[in-house]
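Undergrad: Supplied structure: coords-v7.cif, mmCIF, C-alpha atoms.
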data_input
#
loop_
_atom_site.label_atom_id
_atom_site.label_comp_id
_atom_site.auth_asym_id
_atom_site.auth_seq_id
_atom_site.Cartn_x
_atom_site.Cartn_y
_atom_site.Cartn_z
CA MET W 1 59.32 32.02 5.75
CA LYS W 2 61.67 29.96 7.90
CA LEU W 3 60.80 28.01 11.03
CA GLY W 4 62.87 28.91 14.06
CA LEU W 5 63.16 27.90 17.70
CA SER W 6 62.90 30.48 20.48
CA THR W 7 64.55 30.25 23.86
CA TYR W 8 60.94 30.57 25.07
CA ALA W 9 60.39 27.04 23.73
CA ALA W 10 62.90 25.87 26.34
CA SER W 11 61.93 28.10 29.27
CA TRP W 12 61.88 25.43 31.96
CA ALA W 13 65.14 23.89 30.77
CA ILE W 14 66.76 27.34 30.99
CA GLY W 15 65.06 28.24 34.27
CA VAL W 16 61.95 30.20 35.18
CA GLY W 17 62.36 32.53 38.15
CA ALA W 18 63.73 30.55 41.07
CA ALA W 19 62.97 27.25 39.31
CA VAL W 20 66.41 26.70 37.80
CA PRO W 21 67.48 23.12 36.96
CA PRO W 22 70.82 21.79 38.19
CA SER W 23 72.27 21.95 34.66
CA PRO W 24 70.33 24.68 32.89
CA LEU W 25 70.61 25.29 29.16
CA ASP W 26 73.01 28.09 28.35
CA HIS W 27 73.45 29.89 25.04
CA PHE W 28 75.72 27.21 23.63
CA SER W 29 73.68 24.20 24.73
CA PHE W 30 70.51 25.87 23.43
CA LEU W 31 72.11 26.19 19.99
CA ARG W 32 73.19 22.56 20.17
CA LEU W 33 69.64 21.53 21.10
CA ALA W 34 68.14 23.51 18.21
CA ALA W 35 70.60 22.17 15.65
CA GLY W 36 69.99 18.63 16.89
CA MET W 37 66.29 19.07 16.13
CA GLY W 38 67.05 20.24 12.61
CA PHE W 39 66.56 23.95 13.15
CA ARG W 40 68.62 26.35 11.09
CA LEU W 41 67.20 29.43 12.80
CA VAL W 42 66.91 30.41 16.47
CA GLN W 43 65.74 33.45 18.35
CA ILE W 44 67.67 34.13 21.55
CA ALA W 45 65.38 36.24 23.71
CA ASP W 46 65.39 37.95 27.07
CA ASN W 47 65.13 34.73 29.11
CA LEU W 48 68.69 34.00 27.95
CA PRO W 49 70.07 37.54 27.57
CA LEU W 50 72.93 38.01 25.15
CA ASP W 51 74.21 41.11 26.93
CA ARG W 52 75.20 38.94 29.88
CA LEU W 53 77.91 37.42 27.72
CA SER W 54 81.21 39.20 27.24
CA PRO W 55 82.16 40.34 23.73
CA ASP W 56 84.55 37.39 23.50
CA GLU W 57 81.83 34.96 24.57
CA ARG W 58 79.41 36.42 22.02
CA ARG W 59 82.06 36.02 19.33
CA GLN W 60 82.51 32.40 20.34
CA LEU W 61 78.74 31.91 20.28
CA ARG W 62 78.47 33.43 16.81
CA ASP W 63 81.28 31.17 15.58
CA PHE W 64 79.56 28.15 17.14
CA ALA W 65 76.28 29.07 15.44
CA ASP W 66 78.11 29.38 12.13
CA SER W 67 79.70 25.97 12.63
CA LEU W 68 76.24 24.47 13.18
CA GLY W 69 74.72 26.30 10.23
CA VAL W 70 72.27 28.12 12.52
CA GLU W 71 71.17 31.72 12.03
CA VAL W 72 70.56 33.79 15.17
CA GLU W 73 67.82 36.37 15.62
CA VAL W 74 68.35 38.66 18.60
CA GLY W 75 65.70 39.58 21.17
CA THR W 76 65.50 41.73 24.26
CA ARG W 77 63.13 43.45 26.68
CA GLY W 78 62.92 47.11 27.68
CA LEU W 79 62.46 49.90 25.12
CA THR W 80 64.98 52.31 26.62
CA PRO W 81 67.49 54.24 24.50
CA GLU W 82 70.36 52.57 26.34
CA ASN W 83 69.04 49.04 25.82
CA LEU W 84 68.16 49.73 22.20
CA ALA W 85 71.68 50.99 21.49
CA ASP W 86 73.28 48.00 23.24
CA TYR W 87 71.12 45.44 21.46
CA LEU W 88 71.35 47.06 18.07
CA ALA W 89 75.11 46.55 18.37
CA ILE W 90 74.53 42.92 19.41
CA ALA W 91 72.16 42.40 16.47
CA ARG W 92 74.92 43.61 14.16
CA GLU W 93 77.40 41.21 15.80
CA PHE W 94 75.13 38.28 14.92
CA GLU W 95 74.06 39.72 11.55
CA SER W 96 70.48 39.47 12.80
CA PRO W 97 68.04 41.10 10.36
CA ILE W 98 65.64 41.87 13.20
CA LEU W 99 65.78 42.99 16.80
CA ARG W 100 62.70 41.66 18.55
CA ILE W 101 61.75 43.71 21.60
CA VAL W 102 59.16 43.71 24.36
CA ILE W 103 58.50 47.29 25.41
CA ASP W 104 57.97 46.82 29.15
CA ARG W 105 60.15 45.61 31.96
CA ALA W 106 59.09 45.21 35.58
CA ASP W 107 60.62 48.60 36.39
CA TYR W 108 59.85 50.34 33.09
CA ARG W 109 56.39 50.90 31.60
CA PRO W 110 56.59 53.97 29.36
CA PRO W 111 53.54 55.83 28.03
CA ILE W 112 52.76 55.75 24.33
CA ASP W 113 54.12 59.22 23.58
CA ALA W 114 57.48 58.28 25.14
CA ILE W 115 57.55 55.04 23.16
CA ILE W 116 56.97 56.87 19.89
CA SER W 117 59.62 59.44 20.76
CA THR W 118 62.20 56.72 21.44
CA LEU W 119 61.31 54.87 18.25
CA LYS W 120 61.62 58.02 16.14
CA SER W 121 65.01 58.78 17.66
CA PHE W 122 66.29 55.38 16.43
CA GLN W 123 64.49 54.98 13.13
CA HIS W 124 67.23 56.39 10.90
CA ARG W 125 69.91 54.36 12.64
CA LEU W 126 67.84 51.22 12.18
CA GLU W 127 67.27 52.05 8.52
CA ASP W 128 70.96 52.80 7.91
CA GLU W 129 72.09 49.58 9.57
CA GLY W 130 69.48 47.37 7.92
CA VAL W 131 67.92 46.06 11.14
CA ILE W 132 64.16 45.85 11.65
CA LEU W 133 62.96 46.55 15.18
CA ALA W 134 60.12 44.05 15.71
CA ILE W 135 57.94 45.17 18.61
CA GLU W 136 56.08 42.29 20.25
CA ASN W 137 52.42 42.78 21.10
CA HIS W 138 52.12 42.39 24.86
CA ASP W 139 49.05 42.72 27.03
CA ARG W 140 49.39 46.29 28.35
CA PHE W 141 48.42 47.78 25.00
CA THR W 142 45.69 46.90 22.53
CA CYS W 143 46.52 45.94 18.97
CA GLY W 144 45.11 49.29 17.84
CA GLU W 145 47.59 51.05 20.09
CA PHE W 146 50.49 48.98 18.77
CA ALA W 147 49.45 49.70 15.19
CA GLY W 148 49.19 53.39 16.06
CA MET W 149 52.77 53.42 17.36
CA ILE W 150 54.08 51.78 14.18
CA ARG W 151 52.19 54.15 11.91
CA ALA W 152 53.25 57.20 13.93
CA VAL W 153 56.90 56.34 13.28
CA ASP W 154 56.19 55.45 9.64
CA SER W 155 59.42 53.57 8.98
CA PRO W 156 59.99 50.19 7.29
CA ALA W 157 62.54 49.52 10.04
CA VAL W 158 59.93 49.61 12.85
CA ARG W 159 57.42 46.79 12.61
CA ILE W 160 55.60 44.17 14.70
CA CYS W 161 56.58 40.83 16.16
CA LEU W 162 53.15 39.22 16.09
CA ASP W 163 52.54 36.95 19.08
CA THR W 164 49.50 34.73 18.79
CA VAL W 165 48.46 34.68 22.47
CA ASN W 166 49.88 37.67 24.37
CA SER W 167 46.97 39.94 23.50
CA PHE W 168 44.50 37.80 25.44
CA GLY W 169 45.67 39.99 28.33
CA ALA W 170 44.19 42.98 26.47
CA LEU W 171 40.97 41.02 25.79
CA GLU W 172 41.89 40.41 22.15
CA GLY W 173 42.12 37.01 20.47
CA PRO W 174 44.10 35.87 17.42
CA GLU W 175 41.53 37.07 14.90
CA VAL W 176 41.81 40.64 16.18
CA VAL W 177 45.61 40.41 16.39
CA ILE W 178 46.02 39.10 12.85
CA ASP W 179 43.65 41.65 11.29
CA ALA W 180 45.19 44.61 13.11
CA LEU W 181 48.86 43.67 13.10
CA GLY W 182 49.29 41.16 10.27
CA PRO W 183 50.05 43.81 7.62
CA LEU W 184 52.71 45.31 9.92
CA THR W 185 54.40 42.03 10.85
CA ALA W 186 58.11 41.35 10.41
CA ASN W 187 58.38 38.39 12.79
CA LEU W 188 55.92 35.77 14.04
CA HIS W 189 55.77 34.01 17.40
CA LEU W 190 53.85 30.77 17.03
CA LYS W 191 52.28 29.75 20.36
CA ASP W 192 49.28 27.43 20.41
CA PHE W 193 46.82 27.52 23.28
CA THR W 194 43.77 25.98 24.91
CA ILE W 195 40.88 27.62 26.74
CA GLU W 196 39.10 25.41 29.25
CA ARG W 197 36.31 26.14 31.71
CA VAL W 198 37.38 25.45 35.31
CA SER W 199 35.76 22.62 37.23
CA HIS W 200 33.49 24.90 39.27
CA GLN W 201 32.27 26.45 35.98
CA MET W 202 32.98 30.01 37.10
CA GLY W 203 35.82 31.03 34.86
CA PHE W 204 38.28 29.84 32.23
CA VAL W 205 41.94 28.90 32.11
CA VAL W 206 44.10 29.85 29.12
CA GLU W 207 47.15 27.60 28.79
CA GLY W 208 49.67 26.64 26.18
CA ALA W 209 49.54 23.61 23.93
CA PRO W 210 51.89 21.95 21.45
CA ALA W 211 51.63 23.55 18.03
CA GLY W 212 48.71 22.01 16.17
CA ALA W 213 47.15 20.55 19.31
CA GLY W 214 45.35 23.67 20.54
CA ARG W 215 42.83 26.18 19.25
CA LEU W 216 45.12 28.27 17.06
CA ASP W 217 44.32 27.79 13.37
CA ILE W 218 47.93 27.82 12.22
CA PRO W 219 47.30 27.07 8.51
CA ASN W 220 44.84 29.95 8.34
CA LEU W 221 47.23 32.25 10.22
CA LEU W 222 50.04 31.55 7.74
CA SER W 223 47.67 31.97 4.80
CA GLN W 224 46.43 35.33 6.09
CA LEU W 225 49.95 36.64 6.61
CA ARG W 226 50.90 35.63 3.08
CA GLY W 227 47.76 37.36 1.87
CA PHE W 228 48.98 40.57 3.49
CA GLY W 229 52.17 40.26 1.45
CA THR W 230 54.31 39.59 4.52
CA ASP W 231 56.66 36.63 4.82
CA PRO W 232 57.97 36.68 8.40
CA ASN W 233 60.06 33.98 9.97
CA ALA W 234 57.91 31.83 12.26
CA ILE W 235 59.46 31.31 15.69
CA LEU W 236 58.14 28.50 17.89
CA GLU W 237 57.42 29.42 21.51
CA LEU W 238 55.68 27.31 24.14
CA TRP W 239 53.65 27.99 27.27
CA VAL W 240 54.14 24.71 29.14
CA PRO W 241 52.13 24.32 32.37
CA PRO W 242 54.36 22.83 35.08
CA GLU W 243 54.07 19.27 36.30
CA ALA W 244 54.56 17.98 39.86
CA THR W 245 58.36 17.97 39.62
CA ARG W 246 60.93 20.05 37.79
CA GLU W 247 62.18 16.99 35.90
CA GLN W 248 58.68 16.08 34.72
CA THR W 249 58.13 19.64 33.56
CA ILE W 250 61.37 19.71 31.55
CA ASP W 251 60.54 16.33 30.00
CA LYS W 252 57.07 17.61 29.07
CA GLU W 253 58.57 20.72 27.49
CA ALA W 254 60.90 18.56 25.39
CA ALA W 255 58.00 16.36 24.28
CA TRP W 256 55.99 19.44 23.29
CA ARG W 257 58.92 20.74 21.24
CA ARG W 258 59.15 17.46 19.33
CA GLN W 259 55.39 17.30 18.77
CA SER W 260 55.27 20.92 17.65
CA VAL W 261 58.13 20.51 15.20
CA ASP W 262 56.59 17.36 13.71
CA TYR W 263 53.41 19.34 13.03
CA LEU W 264 54.97 22.60 11.86
CA ARG W 265 57.40 20.99 9.42
CA ARG W 266 54.39 19.97 7.34
CA LEU W 267 53.44 23.63 7.00
CA ILE W 268 56.87 25.31 7.00
CA PRO W 269 59.38 22.86 5.52
CA ASP W 270 62.33 25.31 5.56
#
Any chance you could put this one into structure tokens?

TA:
Amino acid sequence: MKLGLSTYAASWAIGVGAAVPPSPLDHFSFLRLAAGMGFRLVQIADNLPLDRLSPDERRQLRDFADSLGVEVEVGTRGLTPENLADYLAIAREFESPILRIVIDRADYRPPIDAIISTLKSFQHRLEDEGVILAIENHDRFTCGEFAGMIRAVDSPAVRICLDTVNSFGALEGPEVVIDALGPLTANLHLKDFTIERVSHQMGFVVEGAPAGAGRLDIPNLLSQLRGFGTDPNAILELWVPPEATREQTIDKEAAWRRQSVDYLRRLIPD
């Protein structure tokens, strides 16, 4: 297991929606940031899409990563045949052992039978090229439904990217997620969280927290995954609630990264 940094641990510095800083992180400055923090692994996801770079720019990025001694895992969003084909080629460019994917996009929410059909149409290509498609659990489907998709395809090249908080949207907490998806996991997204009752007492707020400062039992999570016989890379992501100004939010995000890394290095020294 290696500890890696996701572009979703620098969301505000990259830009969220219309909230884009004057000098946002790009692919190259994100790699520089990660290497400066001691990371030797990153996951470049759909908030900093690699397909927006030209082939020459991607080659330059790969060379830059090599010069920093940083491995790149590739991520995307949208389980369409066209996007899968494009990003499988990009994964090969970066020698990424996985292709992490979120099934849905705003304009694309396929039913389960269509998802399974698409996965089956790519399984042999994935197997032949030695890339594992790691499907991230998101809130439209339950963990049982995700597990059913993986088992329907029945390929070692189609597995799960286990996210520790996304399934709250499907009314499932980490215990359910780990039990259902842990044995099928090829990649891990570490996001800590808090749950607080609102001031008027009628409801709760789920928000992110620095790793080790929230309610996620990270040592137990890692122990359980090892008990399943899986050894996925652990990729740090952060849900950082915004502050009053953009600059304060970006500073807070940076502080959370440092705090998270200080904690996680005690558990995952690589």

Undergrad: Can you tell me how far CA of Gly130 in chain W sits from CA of Leu221 in chain W, in Å to one decimal?

TA: 27.0 Å

Undergrad: Run the PyMOL selection byres ((chain W and resi 234) around 12) on the file and write out the hits as number ranges by chain.

TA: W: 1-6, 39, 41-43, 73, 161-164, 185-191, 211, 218, 221-222, 225, 230-233, 235-237, 261, 264-265, 267-270

Undergrad: For Glu172 in chain W, which residue out of W:Cys143, W:Val206, W:Ile101, W:Ile150 is the nearest one, using all atoms listed in the file?

TA: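 For Glu172 in chain W, the nearest of the given residues is W:Cys143.
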
Undergrad: Go through W:Tyr263, W:Phe146, W:Phe94, W:Phe168 one by one, measure the shortest atom-to-atom distance of each to Pro219 in chain W using only C-alpha atoms, and give the residue with the smallest value.

TA: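 Result for the nearest residue to Pro219 in chain W: W:Tyr263.
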
Undergrad: Specify as a list in words each residue included when the PyMOL selection byres ((chain W and resi 10) around 10) is applied to this file.

TA: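 When the PyMOL selection byres ((chain W and resi 10) around 10) is applied, the selected residues are Leu5, Ser6, Thr7, Tyr8, Ala9, Ser11, Trp12, Ala13, Ile14, Gly15, Val16, Pro24, Leu25, Phe30, Leu33, Ala34, Asn47, Glu237, Leu238, Trp239, Val240, Ile250, Glu253, Ala254, Trp256 and Arg257 of chain W.
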
Undergrad: Which is closer to Arg32 in chain W than all the others in W:Glu57, W:Gly69, W:Ala180, W:Leu50, using only C-alpha atoms?

TA: W:Gly69
